[in-house]
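*Asks:* So I've got this file, protein24.cif, and it contains mmCIF, C-alpha atoms:
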```
data_structure
#
loop_
_atom_site.label_atom_id
_atom_site.label_comp_id
_atom_site.auth_asym_id
_atom_site.auth_seq_id
_atom_site.Cartn_x
_atom_site.Cartn_y
_atom_site.Cartn_z
CA MET A 58 -53.23 11.85 0.21
CA GLN A 59 -55.38 9.99 -2.33
CA VAL A 60 -55.27 9.43 -6.09
CA LEU A 61 -57.95 8.39 -8.58
CA THR A 62 -56.59 6.56 -11.63
CA ASN A 63 -57.87 4.62 -14.69
CA ILE A 64 -59.82 7.67 -15.90
CA SER A 65 -60.80 7.51 -19.57
CA THR A 66 -61.32 11.27 -19.86
CA LEU A 67 -60.86 13.91 -17.18
CA TYR A 68 -62.68 17.23 -17.57
CA ARG A 69 -60.88 19.92 -15.60
CA VAL A 70 -63.23 22.80 -16.62
CA PRO A 71 -61.04 25.83 -15.84
CA ALA A 72 -63.13 28.63 -14.34
CA ASP A 73 -62.24 31.32 -16.86
CA GLY A 74 -62.39 29.18 -19.99
CA ALA A 75 -64.59 29.75 -23.02
CA HIS A 76 -68.19 28.52 -23.03
CA ASP A 77 -67.24 25.19 -24.59
CA GLU A 78 -63.78 24.80 -23.02
CA VAL A 79 -63.74 21.87 -20.63
CA ASP A 80 -60.03 20.97 -20.85
CA ALA A 81 -60.39 17.24 -21.54
CA VAL A 82 -57.43 15.02 -20.64
CA ASN A 83 -57.25 11.37 -21.73
CA ASP A 84 -55.83 8.61 -19.50
CA ALA A 85 -55.73 10.87 -16.48
CA ALA A 86 -55.29 10.90 -12.71
CA VAL A 87 -56.55 13.17 -9.92
CA VAL A 88 -54.84 13.65 -6.55
CA TRP A 89 -56.37 15.30 -3.51
CA GLU A 90 -55.24 15.97 0.01
CA GLY A 91 -57.88 16.70 2.61
CA ASP A 92 -60.57 18.66 0.78
CA THR A 93 -58.30 20.16 -1.90
CA ILE A 94 -57.20 19.07 -5.37
CA ARG A 95 -53.40 18.75 -5.62
CA TYR A 96 -52.99 17.37 -9.16
CA ALA A 97 -55.29 16.75 -12.13
CA GLY A 98 -53.75 15.73 -15.43
CA PRO A 99 -52.19 12.94 -17.48
CA ALA A 100 -51.46 9.80 -15.47
CA SER A 101 -48.11 9.54 -17.26
CA GLU A 102 -47.08 12.90 -15.76
CA LEU A 103 -48.15 12.18 -12.19
CA PRO A 104 -45.45 13.70 -9.97
CA ARG A 105 -43.35 11.19 -8.06
CA GLN A 106 -44.26 12.84 -4.76
CA PHE A 107 -47.77 11.34 -5.15
CA SER A 108 -46.61 7.79 -5.86
CA GLU A 109 -47.42 6.56 -2.34
CA ALA A 110 -50.95 8.01 -2.26
CA GLN A 111 -53.89 5.71 -1.55
CA THR A 112 -55.26 4.65 -4.94
CA PHE A 113 -58.84 4.45 -6.18
CA ASP A 114 -59.91 3.09 -9.57
CA ALA A 115 -62.33 5.03 -11.83
CA GLY A 116 -62.96 1.84 -13.80
CA GLY A 117 -62.34 3.49 -17.13
CA GLY A 118 -65.11 6.04 -16.64
CA CYS A 119 -64.86 9.75 -17.20
CA VAL A 120 -64.46 12.19 -14.32
CA VAL A 121 -66.12 15.60 -14.01
CA PRO A 122 -66.17 18.25 -11.29
CA GLY A 123 -68.85 17.67 -8.66
CA LEU A 124 -72.15 18.78 -10.16
CA ILE A 125 -73.79 21.95 -8.83
CA ASP A 126 -77.56 22.36 -8.91
CA CYS A 127 -77.70 26.14 -8.63
CA HIS A 128 -81.51 26.60 -8.48
CA THR A 129 -83.80 24.44 -6.34
CA HIS A 130 -86.77 24.85 -4.01
CA LEU A 131 -85.68 21.93 -1.87
CA CYS A 132 -87.82 22.40 1.25
CA PHE A 133 -91.59 22.17 0.77
CA GLY A 134 -94.70 20.37 1.93
CA GLY A 135 -97.08 18.41 -0.29
CA TRP A 136 -97.13 17.62 -4.00
CA ARG A 137 -99.28 18.95 -6.87
CA GLY A 138 -99.95 16.02 -9.18
CA ASP A 139 -103.52 17.24 -9.65
CA GLU A 140 -102.18 20.39 -11.29
CA PHE A 141 -100.05 18.29 -13.63
CA ALA A 142 -103.24 16.59 -14.84
CA ALA A 143 -105.03 19.95 -15.10
CA ARG A 144 -102.28 21.42 -17.27
CA LEU A 145 -102.47 18.40 -19.57
CA GLU A 146 -106.17 19.18 -19.99
CA GLY A 147 -105.36 22.78 -20.98
CA ALA A 148 -105.25 24.81 -17.76
CA SER A 149 -102.46 27.39 -17.68
CA TYR A 150 -100.00 28.02 -14.85
CA GLN A 151 -101.64 31.40 -14.27
CA GLU A 152 -105.19 29.95 -14.21
CA ILE A 153 -104.22 27.30 -11.67
CA GLN A 154 -102.61 29.92 -9.45
CA ALA A 155 -105.65 32.24 -9.72
CA ALA A 156 -107.88 29.36 -8.56
CA GLY A 157 -105.85 28.94 -5.35
CA GLY A 158 -103.41 26.34 -6.60
CA GLY A 159 -99.81 26.74 -7.65
CA ILE A 160 -97.43 28.36 -5.18
CA ASN A 161 -100.29 29.12 -2.77
CA ALA A 162 -101.13 25.41 -2.49
CA THR A 163 -97.55 24.61 -1.53
CA VAL A 164 -97.49 27.51 0.93
CA ARG A 165 -100.47 25.99 2.74
CA ALA A 166 -98.84 22.55 2.86
CA THR A 167 -95.47 23.93 3.99
CA ARG A 168 -97.02 26.02 6.74
CA GLU A 169 -98.79 22.89 8.02
CA ALA A 170 -95.62 20.76 8.05
CA ASP A 171 -93.29 20.86 11.04
CA ALA A 172 -89.56 21.38 10.64
CA SER A 173 -88.63 17.75 11.34
CA THR A 174 -90.96 16.50 8.61
CA LEU A 175 -89.55 18.98 6.11
CA ARG A 176 -85.99 18.13 7.11
CA GLU A 177 -86.48 14.37 6.77
CA ARG A 178 -88.05 14.73 3.34
CA ALA A 179 -85.36 17.05 2.02
CA SER A 180 -82.65 14.79 3.45
CA ARG A 181 -83.91 11.88 1.33
CA VAL A 182 -83.78 14.06 -1.77
CA LEU A 183 -80.24 15.15 -0.99
CA ALA A 184 -79.11 11.54 -0.63
CA ASP A 185 -80.49 10.78 -4.09
CA MET A 186 -78.82 13.88 -5.49
CA ALA A 187 -75.48 12.79 -4.05
CA GLY A 188 -75.90 9.52 -5.91
CA LEU A 189 -76.25 11.52 -9.14
CA GLY A 190 -72.90 13.23 -8.58
CA VAL A 191 -74.32 16.46 -7.15
CA THR A 192 -72.07 17.94 -4.47
CA THR A 193 -73.46 21.48 -4.02
CA VAL A 194 -77.10 22.65 -4.03
CA GLU A 195 -78.61 26.12 -3.92
CA ALA A 196 -81.86 25.92 -1.93
CA LYS A 197 -84.54 28.61 -1.76
CA SER A 198 -87.20 29.34 0.81
CA GLY A 199 -90.37 30.95 -0.55
CA TYR A 200 -93.09 28.52 0.56
CA GLY A 201 -93.67 30.13 3.94
CA LEU A 202 -94.41 33.74 2.98
CA ASP A 203 -94.62 34.84 6.59
CA ARG A 204 -91.96 35.37 9.21
CA ASP A 205 -92.18 32.07 11.08
CA ASN A 206 -92.47 29.77 8.08
CA GLU A 207 -89.80 31.45 5.98
CA ILE A 208 -87.43 31.21 8.95
CA LYS A 209 -88.52 27.57 9.42
CA GLN A 210 -87.41 26.70 5.89
CA LEU A 211 -84.06 28.45 6.25
CA GLU A 212 -83.44 26.76 9.59
CA VAL A 213 -84.14 23.41 7.92
CA TYR A 214 -81.37 24.22 5.44
CA ARG A 215 -79.00 25.12 8.26
CA ALA A 216 -79.75 21.81 10.01
CA LEU A 217 -79.32 19.83 6.78
CA ALA A 218 -76.00 21.52 6.04
CA ALA A 219 -74.69 20.23 9.37
CA ALA A 220 -76.18 16.74 9.09
CA GLN A 221 -75.26 15.49 5.61
CA PRO A 222 -72.37 15.98 3.16
CA ILE A 223 -73.85 17.97 0.27
CA GLU A 224 -73.06 21.67 0.56
CA ILE A 225 -76.21 23.81 0.76
CA ILE A 226 -76.27 27.44 -0.38
CA PRO A 227 -79.42 28.99 1.15
CA THR A 228 -81.41 31.71 -0.62
CA PHE A 229 -84.21 33.77 0.92
CA LEU A 230 -87.22 33.90 -1.44
CA GLY A 231 -89.82 35.64 0.68
CA ALA A 232 -90.67 37.53 -2.52
CA HIS A 233 -91.96 34.41 -4.26
CA LEU A 234 -95.57 35.58 -4.24
CA VAL A 235 -97.70 37.99 -2.22
CA PRO A 236 -99.46 35.71 0.31
CA VAL A 237 -103.24 35.60 0.25
CA GLU A 238 -103.57 37.41 3.58
CA TYR A 239 -101.76 40.43 2.07
CA ARG A 240 -103.50 40.35 -1.31
CA ASP A 241 -105.12 43.76 -0.71
CA GLU A 242 -102.12 45.12 1.22
CA ARG A 243 -99.21 44.43 -1.11
CA ASP A 244 -97.14 47.35 0.11
CA ASP A 245 -97.41 46.12 3.70
CA TYR A 246 -95.97 42.75 2.66
CA VAL A 247 -93.11 44.38 0.75
CA SER A 248 -92.41 46.49 3.85
CA LEU A 249 -92.41 43.35 6.01
CA LEU A 250 -89.78 41.84 3.73
CA CYS A 251 -87.61 44.94 3.51
CA ASP A 252 -87.87 46.23 7.07
CA SER A 253 -88.08 43.03 9.08
CA LEU A 254 -87.46 39.70 7.39
CA ILE A 255 -84.48 40.58 5.21
CA PRO A 256 -82.58 42.24 8.08
CA GLU A 257 -83.29 39.26 10.37
CA VAL A 258 -82.22 36.69 7.76
CA ALA A 259 -79.03 38.61 7.09
CA GLU A 260 -78.20 39.22 10.75
CA ARG A 261 -78.66 35.54 11.61
CA GLY A 262 -76.70 34.37 8.57
CA LEU A 263 -79.59 32.20 7.39
CA ALA A 264 -79.09 32.95 3.68
CA ARG A 265 -76.34 34.06 1.33
CA PHE A 266 -78.70 35.42 -1.32
CA CYS A 267 -82.09 37.05 -1.68
CA ASP A 268 -84.27 36.22 -4.69
CA ALA A 269 -87.47 37.78 -6.04
CA PHE A 270 -90.00 36.47 -8.58
CA ILE A 271 -90.63 39.36 -10.97
CA GLU A 272 -93.61 38.39 -13.09
CA ASP A 273 -97.25 39.23 -13.68
CA LYS A 274 -99.22 37.98 -10.62
CA ALA A 275 -96.00 37.95 -8.55
CA PHE A 276 -93.90 41.15 -8.03
CA SER A 277 -93.51 44.22 -10.21
CA LEU A 278 -90.19 45.68 -11.28
CA ASP A 279 -90.51 48.50 -8.77
CA GLU A 280 -91.37 46.11 -5.94
CA GLY A 281 -88.51 43.81 -6.94
CA ARG A 282 -86.04 46.69 -7.03
CA ARG A 283 -87.08 47.81 -3.54
CA ILE A 284 -86.79 44.30 -2.11
CA LEU A 285 -83.45 43.50 -3.73
CA GLU A 286 -81.92 46.87 -2.88
CA SER A 287 -82.86 46.17 0.74
CA ALA A 288 -81.19 42.77 0.47
CA ARG A 289 -78.06 44.27 -1.00
CA SER A 290 -77.89 46.96 1.69
CA ASN A 291 -78.10 44.19 4.30
CA GLY A 292 -75.17 42.31 2.78
CA LEU A 293 -77.05 39.59 0.87
CA GLY A 294 -76.25 38.67 -2.71
CA VAL A 295 -78.97 39.18 -5.31
CA LYS A 296 -80.75 36.72 -7.61
CA ILE A 297 -83.92 37.17 -9.68
CA HIS A 298 -86.62 34.86 -11.08
CA ALA A 299 -87.04 36.73 -14.36
CA ASP A 300 -89.05 36.63 -17.59
CA GLN A 301 -90.33 33.08 -17.14
CA LEU A 302 -93.83 33.57 -18.55
CA SER A 303 -93.60 37.01 -20.12
CA ALA A 304 -91.04 39.70 -20.93
CA GLY A 305 -91.28 41.70 -17.71
CA GLY A 306 -87.84 43.29 -17.62
CA GLY A 307 -86.48 41.20 -14.75
CA ALA A 308 -83.34 40.30 -16.66
CA GLY A 309 -82.59 43.97 -17.19
CA LEU A 310 -83.07 44.67 -13.49
CA ALA A 311 -80.69 41.82 -12.67
CA ALA A 312 -78.04 43.48 -14.83
CA GLU A 313 -78.77 46.90 -13.30
CA LEU A 314 -78.39 45.60 -9.75
CA GLY A 315 -75.32 43.47 -10.49
CA ALA A 316 -77.16 40.27 -9.57
CA VAL A 317 -75.04 37.14 -9.45
CA SER A 318 -77.69 35.39 -11.57
CA ALA A 319 -81.10 35.67 -13.16
CA GLU A 320 -83.11 32.50 -13.66
CA HIS A 321 -85.68 31.12 -16.11
CA LEU A 322 -85.37 33.92 -18.75
CA GLU A 323 -87.37 32.22 -21.50
CA TYR A 324 -88.93 35.53 -22.59
CA ALA A 325 -86.04 37.96 -21.91
CA SER A 326 -85.64 40.72 -24.48
CA ASP A 327 -82.58 41.01 -26.71
CA ALA A 328 -81.60 44.25 -24.96
CA ASP A 329 -81.76 42.57 -21.55
CA ILE A 330 -79.73 39.62 -22.82
CA ARG A 331 -76.99 42.02 -23.88
CA ALA A 332 -77.22 43.87 -20.57
CA MET A 333 -76.84 40.67 -18.54
CA ALA A 334 -73.88 39.59 -20.64
CA ALA A 335 -72.20 42.98 -20.09
CA ALA A 336 -72.87 42.76 -16.33
CA ASP A 337 -71.55 39.17 -16.19
CA THR A 338 -74.79 38.06 -14.54
CA VAL A 339 -75.17 34.31 -15.04
CA ALA A 340 -78.23 33.15 -16.98
CA VAL A 341 -79.60 30.07 -15.19
CA SER A 342 -81.66 27.88 -17.52
CA LEU A 343 -84.30 25.55 -16.08
CA PRO A 344 -85.29 23.16 -18.86
CA ILE A 345 -87.30 20.77 -16.67
CA ALA A 346 -89.71 23.63 -15.89
CA SER A 347 -90.03 24.41 -19.59
CA LEU A 348 -90.77 20.74 -20.25
CA TYR A 349 -93.50 20.45 -17.61
CA LEU A 350 -95.12 23.81 -18.37
CA ARG A 351 -94.79 23.31 -22.14
CA GLU A 352 -93.22 26.75 -22.37
CA PRO A 353 -90.39 27.73 -24.74
CA PHE A 354 -86.93 26.59 -23.72
CA LEU A 355 -84.25 29.19 -23.05
CA PRO A 356 -82.70 30.17 -26.41
CA ALA A 357 -79.20 29.36 -25.21
CA ARG A 358 -77.48 30.02 -28.54
CA LYS A 359 -78.67 33.64 -28.45
CA TRP A 360 -77.37 34.05 -24.89
CA ILE A 361 -74.02 32.41 -25.59
CA GLU A 362 -73.49 34.41 -28.77
CA ALA A 363 -74.14 37.57 -26.75
CA GLY A 364 -71.36 36.54 -24.37
CA ALA A 365 -73.50 35.49 -21.40
CA ARG A 366 -72.62 32.54 -19.19
CA VAL A 367 -75.43 29.95 -19.22
CA ALA A 368 -75.84 27.63 -16.25
CA VAL A 369 -78.22 24.65 -16.11
CA ALA A 370 -80.24 23.63 -13.02
CA THR A 371 -83.31 21.57 -12.13
CA ASP A 372 -85.61 24.13 -10.45
CA PHE A 373 -86.74 21.20 -8.30
CA ASN A 374 -90.14 22.12 -6.84
CA PRO A 375 -93.53 20.42 -6.40
CA GLY A 376 -95.31 22.25 -9.21
CA SER A 377 -93.47 23.21 -12.37
CA ALA A 378 -90.34 21.02 -12.02
CA PRO A 379 -91.02 18.01 -9.77
CA SER A 380 -87.68 16.33 -10.52
CA TYR A 381 -84.22 16.74 -8.99
CA HIS A 382 -82.57 14.67 -11.75
CA LEU A 383 -79.85 17.05 -12.91
CA HIS A 384 -78.76 14.61 -15.66
CA LEU A 385 -82.25 14.99 -17.17
CA ALA A 386 -81.92 18.77 -17.13
CA MET A 387 -78.54 18.43 -18.83
CA THR A 388 -79.87 16.27 -21.67
CA LEU A 389 -82.85 18.59 -22.13
CA ALA A 390 -80.48 21.57 -22.32
CA ALA A 391 -78.50 19.82 -25.04
CA VAL A 392 -81.52 18.76 -27.09
CA HIS A 393 -83.88 21.73 -26.63
CA GLN A 394 -81.50 24.60 -25.84
CA ARG A 395 -78.99 23.53 -28.51
CA MET A 396 -76.09 23.50 -26.08
CA SER A 397 -73.11 21.28 -26.80
CA PRO A 398 -72.23 18.65 -24.18
CA ALA A 399 -69.19 20.78 -23.29
CA GLU A 400 -71.39 23.87 -22.78
CA VAL A 401 -73.81 21.84 -20.67
CA LEU A 402 -71.00 20.48 -18.49
CA ARG A 403 -69.71 23.99 -17.90
CA GLY A 404 -73.32 24.96 -17.13
CA VAL A 405 -73.52 22.53 -14.19
CA THR A 406 -69.97 23.12 -12.94
CA SER A 407 -68.05 26.38 -13.37
CA HIS A 408 -70.97 28.54 -14.56
CA ALA A 409 -73.19 27.09 -11.83
CA ALA A 410 -70.46 27.84 -9.28
CA ARG A 411 -70.39 31.44 -10.50
CA ALA A 412 -74.19 31.62 -10.10
CA ILE A 413 -73.76 30.96 -6.37
CA GLY A 414 -70.68 33.14 -5.92
CA MET A 415 -68.20 30.24 -5.62
CA ALA A 416 -66.34 30.25 -8.94
CA GLY A 417 -62.97 30.54 -7.20
CA THR A 418 -63.34 27.32 -5.20
CA HIS A 419 -65.98 25.10 -6.82
CA GLY A 420 -66.87 23.76 -10.25
CA SER A 421 -63.36 22.96 -11.50
CA LEU A 422 -60.76 20.23 -11.03
CA MET A 423 -57.71 22.46 -11.11
CA PRO A 424 -55.16 22.36 -8.26
CA GLY A 425 -56.35 24.41 -5.30
CA TYR A 426 -60.04 23.81 -5.96
CA ARG A 427 -62.38 21.87 -3.69
CA ALA A 428 -62.01 18.09 -4.07
CA ASP A 429 -65.53 17.56 -5.42
CA LEU A 430 -65.93 15.16 -8.36
CA ALA A 431 -68.16 12.55 -9.95
CA VAL A 432 -67.09 9.35 -11.71
CA ILE A 433 -69.37 8.77 -14.70
CA ASP A 434 -69.93 5.41 -16.36
CA ALA A 435 -69.25 6.69 -19.86
CA PRO A 436 -66.10 7.18 -21.94
CA ASP A 437 -66.84 10.89 -22.46
CA ILE A 438 -69.51 13.52 -21.91
CA ASN A 439 -70.93 13.16 -25.43
CA HIS A 440 -71.87 9.56 -24.70
CA TRP A 441 -73.12 10.44 -21.21
CA LEU A 442 -75.68 13.01 -22.39
CA TYR A 443 -76.64 11.06 -25.50
CA HIS A 444 -77.26 7.75 -23.70
CA PHE A 445 -79.65 8.91 -20.98
CA ARG A 446 -79.95 6.39 -18.14
CA PRO A 447 -81.52 6.35 -14.68
CA ASN A 448 -78.09 7.16 -13.27
CA ALA A 449 -74.70 6.99 -14.96
CA CYS A 450 -72.80 8.16 -11.86
CA ARG A 451 -70.58 5.50 -10.27
CA ARG A 452 -69.13 7.42 -7.33
CA THR A 453 -69.30 10.89 -5.81
CA LEU A 454 -66.51 12.65 -3.93
CA LYS A 455 -67.32 15.67 -1.76
CA SER A 456 -64.59 17.66 -0.01
CA GLY A 457 -62.20 14.73 -0.39
CA ARG A 458 -64.61 12.08 0.98
CA TRP A 459 -66.57 9.48 -0.97
CA ILE A 460 -70.24 10.13 -0.21
CA ALA A 461 -72.03 7.88 -2.71
CA ALA A 462 -71.31 4.83 -4.83
CA ALA A 463 -73.42 2.83 -7.28
#
```
Would you mind writing the file out in structure tokens?

*Replies:*
Amino acid sequence: MQVLTNISTLYRVPADGAHDEVDAVNDAAVVWEGDTIRYAGPASELPRQFSEAQTFDAGGGCVVPGLIDCHTHLCFGGWRGDEFAARLEGASYQEIQAAGGGINATVRATREADASTLRERASRVLADMAGLGVTTVEAKSGYGLDRDNEIKQLEVYRALAAAQPIEIIPTFLGAHLVPVEYRDERDDYVSLLCDSLIPEVAERGLARFCDAFIEDKAFSLDEGRRILESARSNGLGVKIHADQLSAGGGAGLAAELGAVSAEHLEYASDADIRAMAAADTVAVSLPIASLYLREPFLPARKWIEAGARVAVATDFNPGSAPSYHLHLAMTLAAVHQRMSPAEVLRGVTSHAARAIGMAGTHGSLMPGYRADLAVIDAPDINHWLYHFRPNACRRTLKSGRWIAAA
């Protein structure tokens, strides 16, 4: 049994609390046994039964649940710095993609990379993320867009899950884009996904969720519905890339299908916002992508006032969000999405846990939850998000084990 003391402020973040309820406790202690939280509360009320526990010192920092990055594209080949320069000169995301860049460029690089190269690269990223206090990461495929290379990405995630401490939640995103070889045979590619790839991924347990990018130049609503209904019938959870560049109705489809989350959502209609709130589908905001693409940020106040849960994630990928710095996404969400620090913290803990189907075990520091936490070098979360630094995380605990320290 182990106890963490000298905590300036502990944020317990109960799973079913209000959007801005983070249950802050001053002068606190946390006790865990194995991988499970046993006590989290005032140090003065620490039960006597824990008095002999091994003690660790938080150094007067604040303590939050382990951070959850609930939307990443972790495994990919190549980078796209040339497109960054092109966008600064006025080229749009859609123009770059039409010219053979964008997702297609990363597909080519990922197909060329072998699994060991992809695994080594992603492993370095995960080590950095652990240092930031991230303990759980959702990771999508979607840069293979054929059977062998989609499976290759998902097998990389399986290998990484066994080889390093961060928990990886794999998502199949074969419906990221229609690959160039199927450009004139779209229906054949959708059939390949529905009749072959999705059943194989589900049978082999290579993914927990299936995602689809519903957008002009990607997949239509009807195609997305067919793909995601196939996923659901094969036992996979459903996620949707929705309304990132235009109001295409993806958010409404997410609500209709009971998706666990819909992601991006910058252009979602008011009716679809209400529908997602009623369906309790988590809205995953990706402010780093909005920053890099110079697109509008998610209007979080509108979503929260409608009753929707808003999570915050990085969207780490080589094109539109080439950063896995979740603290940056959090500060951007506060400044540009007008979310309070408490709402942002919930967005990377309990709401993010809900967006990956793990709200009952992750994202909170209540007794019985997973012993995942981060010690932050700040007296409280207001100061943490206001005073942006390269890394304010002092230590990271995952499943009851320290995995990173400054």

*Asks:* Given the PyMOL selection byres ((chain A and resi 182-194) around 8) and the file above, list the residues it selects as a ChimeraX atom specification.

*Replies:* /A:123-129,178-181,195-196,222-226,381-384,429-432,448-455,460-463

*Asks:* Go through A:Glu212, A:Glu323, A:Glu152, A:Glu362 one by one, measure the shortest atom-to-atom distance of each to Leu175 of chain A using all atoms listed in the file, and give the residue with the smallest value.

*Replies:*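 When distances to Leu175 of chain A are compared using all atoms listed in the file, the smallest one comes from A:Glu212.
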
*Asks:* May I ask which of the residues A:Asp300, A:Glu207, A:Glu146, A:Asp139 is the closest one to Thr167 of chain A, counting all atoms listed in the file?

*Replies:*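 Between A:Asp300, A:Glu207, A:Glu146, A:Asp139, the residue approaching Thr167 of chain A most closely is A:Glu207.
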
*Asks:* Can you list, as a PDB file with C-alpha atoms, in the frame of the given file, the residues that the PyMOL selection byres ((chain A and resi 242-255) around 7) selects here?

*Replies:*
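Wrote result_6.pdb, looks like this:
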```pdb
ATOM      1  CA  ARG A 204     -91.960  35.370   9.210  1.00  0.00           C
ATOM      2  CA  GLY A 231     -89.820  35.640   0.680  1.00  0.00           C
ATOM      3  CA  VAL A 235     -97.700  37.990  -2.220  1.00  0.00           C
ATOM      4  CA  TYR A 239    -101.760  40.430   2.070  1.00  0.00           C
ATOM      5  CA  ARG A 240    -103.500  40.350  -1.310  1.00  0.00           C
ATOM      6  CA  ASP A 241    -105.120  43.760  -0.710  1.00  0.00           C
ATOM      7  CA  PRO A 256     -82.580  42.240   8.080  1.00  0.00           C
ATOM      8  CA  GLU A 257     -83.290  39.260  10.370  1.00  0.00           C
ATOM      9  CA  VAL A 258     -82.220  36.690   7.760  1.00  0.00           C
ATOM     10  CA  ALA A 259     -79.030  38.610   7.090  1.00  0.00           C
ATOM     11  CA  ILE A 284     -86.790  44.300  -2.110  1.00  0.00           C
ATOM     12  CA  SER A 287     -82.860  46.170   0.740  1.00  0.00           C
ATOM     13  CA  ALA A 288     -81.190  42.770   0.470  1.00  0.00           C
TER      14      ALA A 288
END
```

*Asks:* Step by step: start from the point (-91.7, 19.6, -11.1) in the file's coordinates, keep every protein, DNA or RNA residue that has an atom no farther than 10 Å from it, count all atoms listed in the file, and write the set as a list in words.

*Replies:*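 Neighbouring residues, ordered by chain and number, come to Trp136, Arg137, Gly138, Phe141, Ile345, Ala346, Ser347, Leu348, Tyr349, Leu350, Thr371, Asp372, Phe373, Asn374, Pro375, Gly376, Ser377, Ala378, Pro379, Ser380 and Tyr381 of chain A.
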
*Asks:* Using the partial input, fill out segment 366-379 of chain A with N, CA and C atoms; write the result as an mmCIF file, keeping the file's coordinate frame.

*Replies:*
```
data_model
loop_
_atom_site.group_PDB
_atom_site.id
_atom_site.type_symbol
_atom_site.label_atom_id
_atom_site.label_comp_id
_atom_site.auth_asym_id
_atom_site.auth_seq_id
_atom_site.Cartn_x
_atom_site.Cartn_y
_atom_site.Cartn_z
ATOM 1 N N ARG A 366 -72.870 33.875 -19.733
ATOM 2 C CA ARG A 366 -72.620 32.540 -19.190
ATOM 3 C C ARG A 366 -73.975 31.882 -18.906
ATOM 4 N N VAL A 367 -74.159 30.657 -19.392
ATOM 5 C CA VAL A 367 -75.430 29.950 -19.220
ATOM 6 C C VAL A 367 -75.214 28.745 -18.312
ATOM 7 N N ALA A 368 -75.852 28.770 -17.162
ATOM 8 C CA ALA A 368 -75.840 27.630 -16.250
ATOM 9 C C ALA A 368 -77.097 26.793 -16.488
ATOM 10 N N VAL A 369 -77.088 25.565 -15.973
ATOM 11 C CA VAL A 369 -78.220 24.650 -16.110
ATOM 12 C C VAL A 369 -78.545 24.106 -14.719
ATOM 13 N N ALA A 370 -79.822 24.131 -14.337
ATOM 14 C CA ALA A 370 -80.240 23.630 -13.020
ATOM 15 C C ALA A 370 -81.598 22.960 -13.146
ATOM 16 N N THR A 371 -82.057 22.324 -12.063
ATOM 17 C CA THR A 371 -83.310 21.570 -12.130
ATOM 18 C C THR A 371 -84.548 22.389 -11.833
ATOM 19 N N ASP A 372 -84.438 23.432 -10.974
ATOM 20 C CA ASP A 372 -85.610 24.130 -10.450
ATOM 21 C C ASP A 372 -86.498 23.184 -9.650
ATOM 22 N N PHE A 373 -85.931 22.188 -9.017
ATOM 23 C CA PHE A 373 -86.740 21.200 -8.300
ATOM 24 C C PHE A 373 -87.759 21.865 -7.392
ATOM 25 N N ASN A 374 -89.041 21.591 -7.638
ATOM 26 C CA ASN A 374 -90.140 22.120 -6.840
ATOM 27 C C ASN A 374 -91.366 21.241 -7.091
ATOM 28 N N PRO A 375 -92.413 21.356 -6.269
ATOM 29 C CA PRO A 375 -93.530 20.420 -6.400
ATOM 30 C C PRO A 375 -94.512 20.733 -7.511
ATOM 31 N N GLY A 376 -94.338 21.875 -8.189
ATOM 32 C CA GLY A 376 -95.310 22.250 -9.210
ATOM 33 C C GLY A 376 -94.787 22.169 -10.624
ATOM 34 N N SER A 377 -93.897 23.086 -10.975
ATOM 35 C CA SER A 377 -93.470 23.210 -12.370
ATOM 36 C C SER A 377 -92.247 22.373 -12.722
ATOM 37 N N ALA A 378 -91.545 21.825 -11.736
ATOM 38 C CA ALA A 378 -90.340 21.020 -12.020
ATOM 39 C C ALA A 378 -90.169 19.976 -10.912
ATOM 40 N N PRO A 379 -91.050 18.973 -10.875
ATOM 41 C CA PRO A 379 -91.020 18.010 -9.770
ATOM 42 C C PRO A 379 -89.969 16.913 -9.954
#
```
